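Colleague: Have a look at the structure that comes next, please.
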Protein chains: 2
Amino acid sequence: MATLKDVARLACVDVSTASRALNNTSYVHPDTKARVYAAVKKLSYHPNLLAKGLRQGKRHTIGVVVPTISLSVFAELTQGIEIEARKLGYETVICNTMDDPIAEKECLDRLRNGFEDGLIIASTGENNHLLRDIRGSGISIVQVVRDQNKHMSSVVTDYHESAYKGIKYLVSKGCRHIGLINGSKKIIPYLERYNGYHDALAELGYEENVAKPSAQKNYYQDGYDGTNRLLDQNPNLDGIMTATDVQGIGVIRALKERGVAFPEQVKIMSLTGHCIGGMLETSMTSIEMPSFEMGQKATQILVDEMNADPESIQSVQHIVYHASLVERETT
Amino acid sequence: MATLKDVARLACVDVSTASRALNNTSYVHPDTKARVYAAVKKLSYHPNLLAKGLRQGKRHTIGVVVPTISLSVFAELTQGIEIEARKLGYETVICNTMDDPIAEKECLDRLRNGFEDGLIIASTGENNHLLRDIRGSGISIVQVVRDQNKHMSSVVTDYHESAYKGIKYLVSKGCRHIGLINGSKKIIPYLERYNGYHDALAELGYEENVAKPSAQKNYYQDGYDGTNRLLDQNPNLDGIMTATDVQGIGVIRALKERGVAFPEQVKIMSLTGHCIGGMLETSMTSIEMPSFEMGQKATQILVDEMNADPESIQSVQHIVYHASLVERETT
DNA sequence: CTGAAAGCGCTTACAG
DNA sequence: CTGAAAGCGCTTACAG
């Protein structure tokens with residue numbers, strides 16, 4: 001690999017001049033510039049981003065910490081981040097935590113030492129202390145999807161509203177006994193979805209039917225098992241609301257196997273949809289959250305924060321998207 | 001951020017001694033060591049991986065270049081890579097190319113300059129020259145899913161066999177007019193799937209029904225549009241084989257909308273399945289490829305190559321997995 | 001307009 | 001067993 005030194009030697013200039021020519025950091029005589037460019041081309045020189053990063057105190061990399069990128073809204077989100085980051089000149093380092101706090105801690109330690117300039121995280125909420133530490137050491141952090149910590153910027157959807165509206169919608173379609181398949185209430189979005197569900201039902205005077213969350217971390221199985229449990233408990237169930245669309249896919253499968261007609265006997269809707277809802281054999285009514293866009297937005301906020309004057313007040317931004325109901329065939 | 005210098009000062013030793021104490025790179029007196037560790041703890045020192053990387057000429061990072069991580073076999077694959085990489089002490093940098101050669105080139109340039117130690121790529125095959133360049137500059141490369149270039153190691157599945165077996169299977173189920181929904185033949189796996197399809201049909205003396213590949217890069221739409229085109233051309237169609245499972249999902253939807261019963265009138269199978277096939281309302285028969293495992297394997301091979309003596313012959317490994325047929329409800 | 005020098009934070013021969 | 005020095009490849013005040 002050719003270095004800047006090689007380029008400088010070939011162009012008969014000092015490395016500092018070569019550096020200036022390449023970075024347009026101060027005026028360089030056109031002839032000199034031309035010689036430098038020629039040398040770069042001849043040697044097919046590529047600057048060493050590590051050295052650059054070390055010298056400049058930043059490495060143009062952002063770390064992304066998500067539970068999983070497989071079959072979930074986090075895939076689109078991550079893609080939005082990566083594409084926006086590349087546009088802004090950053091690389092994206094990815095970590096999957098599977099929502100395991102230990103794995104999350106590992107990821108965070110590694111990212112911190114790797115000198116990422118910033119972090120985008122959908123956290124478990126169990127490592128808030130570590131996150132605060134990392135932020136204190138000068139690394140910007142933006143939370144996505146989950147705002148587990150009010151002191152850090154976040155890009156989320158209004159989950160309470162989603163669930164509340166979801167119930168109102170299902171009721172308008174005639175449902176009276178609506179089950180909820182959700183996730184761990186330690187994670188804010190699930191908690192808020194439950195609250196929205198609770199508030200809407202309380203207002204209407206209907207009873208709650210909440211599936212006991214399963215221990216495993218498999219959305220599909222959650223939906224499948226949850227449906228069976230809910231129907232065993234309450235055979236009058238006429239609606240099921242799930243937190244994620246893959247849980248909804250599990251519901252569909254369970255209902256089919258039990259011979260329960262949908263949407264005729266039981267209506268189904270999901271509170272976080274991505275594109276898959278519209279592709280199903282029986283397409284699923286969902287409250288869609290703009291995951292790709294949220295990824296882009298989080299990246300922009302992060303980059304802004306990273307470039308902000310460190311002396312200025314650390315301003316924290318909380319962006320809340322409103323998800324939109326997409327009616328399809330399951331309701 | 002505390003630096004090694006700060007640690008050394010606090011422990012009253014030279015930075016070189018501090019470095020040796022932390023890296024166990026030569027004997028250090030236990031008392032000294034203890035002082036160094038105490039200082040590390042007190043300052044909550046974290047080594048700067050950038051500086052370390054610059055000095056040692058490697059940065060413990062591998063780059064991953066895939067078309068998309070959303071709704072495809074590449075999500076599981078990438079997850080396999082990331083988890084294995086972390087285990088082996090590497091970070092994972094991700095790039096999505098959307099199978100656009102320009103975007104791919106951008107990613108590769110960036111990864112090269114970023115001094116990644118190695119690359120795992122599912123390439124378009126349009127940047128082979130650049131890849132050779134990168135490899136020449138000392139960065140190890142392993143191809144996954146697609147072996148576009150015989151001179152570089154690869155981890156793939158036997159796609160010809162998959163398609164060939166798929167046809168034999170569909171025929172055993174009574175199909176005589178089998179359509180194929182595939183992708184661009186510039187990409188080896190699609191080409192080989194076509195060849196397997198072709199060879200099996202030729203052997204049996206049946207005619208081919210290949211859907212004209214659509215221009216857009218949307219598996220679902222491919223499957224949906226392809227099905228409509230195939231059925232318009234040949235109303236006798238009684239089987240459809242797709243390259244990917246999301247294409248198969250599009251087929252299901254199109255058949256449902258046309259009122260064609262499956263599997264009764266038309267049987268469906270996909271040649272690359274991941275977990276979603278088993279979760280569908282009508283679960284899909286698929287030839288499953290071990291994507292997660294393939295990601296892990298590719299990472300292991302890459303790390304081996306990176307650690308190999310650079311003087312030794314560059315040995316190239318080609319790993320071929322055999323996909324396994326999983327019978328479900330669409331056949 | 002360009003060169004010489006210092007330094008980012010670390011590691012590693014070289015002495016002793 | 002430990003220190004002093006050089007250097008990884010770059011950038012950036014400081015001169016001139």
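As shown in the structure tokens, the chain order sets the letters A, B, ...; within each chain, residues go from 1, and ligands are also counted from 1 in the order they appear.
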Show me which bits of chain D are within 7 Å of chain A, counting only C-alpha atoms (C1' of nucleotides), as a ChimeraX atom specification.

Modeller: /D:9-11

Colleague: With a distance threshold of 7 Å and counting only C-alpha atoms, extract the residues of chain B near chain A and express them as a PyMOL selection string.

Modeller: chain B and resi 1+46-51+54+69-71+75-76+82+91-95+113-115+137+249-250+252-253+279-281

Colleague: Show me, as a PDB file with C-alpha atoms, in the first residue's frame, the residues that have an atom within 10 Å of stretch 177-183 of chain A when counting only C-alpha atoms (C1' of nucleotides), minus same-chain residues fewer than 4 positions from it.

Modeller:
ATOM      1  CA  ALA A 163     -52.244   0.942  20.807  1.00  0.00           C
ATOM      2  CA  ILE A 167     -58.237  -0.608  20.109  1.00  0.00           C
ATOM      3  CA  LEU A 170     -60.913  -2.798  16.395  1.00  0.00           C
ATOM      4  CA  VAL A 171     -63.914  -1.806  18.463  1.00  0.00           C
ATOM      5  CA  ILE A 187     -38.774  -2.241  27.318  1.00  0.00           C
ATOM      6  CA  ILE A 188     -40.548   1.079  26.983  1.00  0.00           C
ATOM      7  CA  PRO A 189     -42.382   0.542  23.701  1.00  0.00           C
ATOM      8  CA  TYR A 190     -44.012  -2.609  25.039  1.00  0.00           C
ATOM      9  CA  LEU A 191     -44.901  -0.876  28.257  1.00  0.00           C
ATOM     10  CA  ARG A 193     -48.372  -0.237  24.104  1.00  0.00           C
ATOM     11  CA  TYR A 194     -49.799  -1.963  27.107  1.00  0.00           C
ATOM     12  CA  TYR A 197     -54.359  -0.832  25.348  1.00  0.00           C
ATOM     13  CA  HIS A 198     -55.261  -0.528  29.011  1.00  0.00           C
ATOM     14  CA  LEU A 201     -60.258  -0.565  27.285  1.00  0.00           C
ATOM     15  CA  TYR A 206     -64.126  -3.725  28.462  1.00  0.00           C
ATOM     16  CA  GLU A 207     -62.010  -6.358  30.142  1.00  0.00           C
ATOM     17  CA  GLU A 208     -58.378  -7.056  29.328  1.00  0.00           C
ATOM     18  CA  ASN A 209     -56.986 -10.250  27.830  1.00  0.00           C
ATOM     19  CA  VAL A 210     -53.229 -10.160  27.951  1.00  0.00           C
ATOM     20  CA  ALA A 211     -51.161 -13.140  26.909  1.00  0.00           C
ATOM     21  CA  LYS A 212     -48.506 -14.043  29.412  1.00  0.00           C
ATOM     22  CA  PRO A 213     -45.263 -13.141  27.671  1.00  0.00           C
ATOM     23  CA  SER A 214     -43.199 -16.183  26.778  1.00  0.00           C
ATOM     24  CA  ALA A 215     -39.638 -16.485  27.995  1.00  0.00           C
ATOM     25  CA  LYS A 217     -37.154 -14.385  22.213  1.00  0.00           C
ATOM     26  CA  TYR A 219     -41.687 -13.098  17.865  1.00  0.00           C
ATOM     27  CA  ASP A 222     -44.876 -15.438  20.880  1.00  0.00           C
ATOM     28  CA  GLY A 223     -47.754 -14.848  18.539  1.00  0.00           C
ATOM     29  CA  TYR A 224     -48.477 -18.495  18.014  1.00  0.00           C
ATOM     30  CA  ASP A 225     -48.350 -19.560  21.660  1.00  0.00           C
ATOM     31  CA  GLY A 226     -50.025 -16.374  22.828  1.00  0.00           C
ATOM     32  CA  THR A 227     -52.988 -16.961  20.566  1.00  0.00           C
ATOM     33  CA  LEU A 230     -55.643 -16.421  24.870  1.00  0.00           C
ATOM     34  CA  LEU A 231     -58.242 -18.581  23.154  1.00  0.00           C
ATOM     35  CA  ASN A 234     -61.371 -16.791  26.622  1.00  0.00           C
ATOM     36  CA  PRO A 235     -63.192 -18.577  23.807  1.00  0.00           C
ATOM     37  CA  ASN A 236     -65.184 -15.415  23.118  1.00  0.00           C
ATOM     38  CA  LEU A 237     -62.128 -13.569  21.906  1.00  0.00           C
ATOM     39  CA  ASP A 238     -62.936 -11.641  18.740  1.00  0.00           C
ATOM     40  CA  GLY A 239     -59.810  -9.571  18.237  1.00  0.00           C
ATOM     41  CA  ILE A 240     -56.053  -9.872  18.744  1.00  0.00           C
ATOM     42  CA  MET A 241     -53.631  -7.008  18.765  1.00  0.00           C
ATOM     43  CA  THR A 242     -49.906  -7.778  18.572  1.00  0.00           C
ATOM     44  CA  ALA A 243     -46.919  -5.573  19.209  1.00  0.00           C
ATOM     45  CA  THR A 244     -45.001  -6.697  16.134  1.00  0.00           C
ATOM     46  CA  GLN A 247     -46.117 -11.949  16.193  1.00  0.00           C
ATOM     47  CA  GLY A 248     -49.161 -11.303  14.000  1.00  0.00           C
ATOM     48  CA  VAL A 251     -51.389 -15.434  15.280  1.00  0.00           C
ATOM     49  CA  VAL A 266     -61.234 -13.050  15.162  1.00  0.00           C
ATOM     50  CA  LYS A 267     -59.750  -9.870  13.762  1.00  0.00           C
ATOM     51  CA  ILE A 268     -56.002  -9.331  13.843  1.00  0.00           C
ATOM     52  CA  MET A 269     -53.877  -6.245  13.797  1.00  0.00           C
ATOM     53  CA  SER A 270     -50.242  -5.477  14.453  1.00  0.00           C
ATOM     54  CA  LEU A 271     -48.886  -2.346  16.080  1.00  0.00           C
TER      55      LEU A 271
END

Colleague: For atom CA of B:Ile319 and atom CA of B:Ser154, quote the distance in Å rounded to one decimal.

Modeller: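 Interatomic distance, atom CA of B:Ile319 to atom CA of B:Ser154: 6.1 Å.
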
Colleague: With a distance cut-off of 7 Å and only C-alpha atoms (C1' of nucleotides), select the neighbouring residues of B:Val142, excluding the residue or stretch itself and same-chain residues fewer than 3 positions from it, and output the selection as an MDAnalysis selection string.

Modeller: chainID B and resid 119:121 152:154 298 302

Colleague: Which residues, written as a list of chain:residue names, have at least one atom at most 12 Å from A:Asn149, with only C-alpha atoms (C1' of nucleotides) counted and residues fewer than 3 positions away on the same chain left out?

Modeller: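 Near A:Asn149, the qualifying residues are A:Ile121, A:Ala122, A:Ser123, A:Thr124, A:Gly125, A:Glu126, A:Asn127, A:Asn128, A:His129, A:Leu130, A:Leu131, A:Arg132, A:Ile141, A:Val142, A:Gln143, A:Val144, A:Val145, A:Arg146, A:Met152, A:Ser153, A:Ser154, A:Val155, A:Ile187, A:Ile188, A:Val316, A:His318.
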
Colleague: I'd like the neighbourhood of C:DA15 as a list of chain:residue names, where a residue qualifies if any of its atoms comes within 12 Å (using only C-alpha atoms (C1' of nucleotides)), though same-chain residues fewer than 6 positions away should be ignored.

Modeller: D:DT2, D:DG3, D:DA4, D:DA5

Colleague: At what distance in Å, to one decimal, does atom CA of A:Ser324 lie from atom CA of A:Ile81?

Modeller: 21.5 Å

Colleague: Which parts of stretch 174-252 of chain B does DSSP call strand (DSSP E or B) when run on the backbone here, written out as an mmCIF file with N, CA and C atoms, in the first residue's frame?

Modeller:
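Resulting contents of out_10.cif:
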data_model
loop_
_atom_site.group_PDB
_atom_site.id
_atom_site.type_symbol
_atom_site.label_atom_id
_atom_site.label_comp_id
_atom_site.auth_asym_id
_atom_site.auth_seq_id
_atom_site.Cartn_x
_atom_site.Cartn_y
_atom_site.Cartn_z
ATOM 1 N N ILE B 178 -43.917 -26.616 -15.233
ATOM 2 C CA ILE B 178 -43.339 -25.917 -14.087
ATOM 3 C C ILE B 178 -42.693 -24.604 -14.501
ATOM 4 N N GLY B 179 -43.141 -23.540 -13.877
ATOM 5 C CA GLY B 179 -42.571 -22.224 -14.159
ATOM 6 C C GLY B 179 -41.412 -21.912 -13.232
ATOM 7 N N LEU B 180 -40.522 -21.051 -13.710
ATOM 8 C CA LEU B 180 -39.385 -20.632 -12.885
ATOM 9 C C LEU B 180 -39.398 -19.120 -12.722
ATOM 10 N N ILE B 181 -39.319 -18.685 -11.482
ATOM 11 C CA ILE B 181 -39.146 -17.263 -11.212
ATOM 12 C C ILE B 181 -37.776 -17.102 -10.583
ATOM 13 N N ASN B 209 -40.804 -22.888 -18.692
ATOM 14 C CA ASN B 209 -41.637 -21.694 -18.536
ATOM 15 C C ASN B 209 -40.901 -20.737 -17.610
ATOM 16 N N VAL B 210 -40.146 -19.835 -18.210
ATOM 17 C CA VAL B 210 -39.342 -18.947 -17.379
ATOM 18 C C VAL B 210 -39.938 -17.545 -17.417
ATOM 19 N N GLY B 239 -47.052 -25.854 -11.525
ATOM 20 C CA GLY B 239 -46.013 -25.737 -10.500
ATOM 21 C C GLY B 239 -45.200 -24.475 -10.722
ATOM 22 N N ILE B 240 -44.777 -23.855 -9.635
ATOM 23 C CA ILE B 240 -43.894 -22.694 -9.753
ATOM 24 C C ILE B 240 -42.745 -22.847 -8.781
ATOM 25 N N MET B 241 -41.550 -22.687 -9.319
ATOM 26 C CA MET B 241 -40.361 -22.751 -8.493
ATOM 27 C C MET B 241 -39.771 -21.347 -8.453
ATOM 28 N N THR B 242 -39.446 -20.862 -7.267
ATOM 29 C CA THR B 242 -38.842 -19.527 -7.179
ATOM 30 C C THR B 242 -37.438 -19.641 -6.602
#
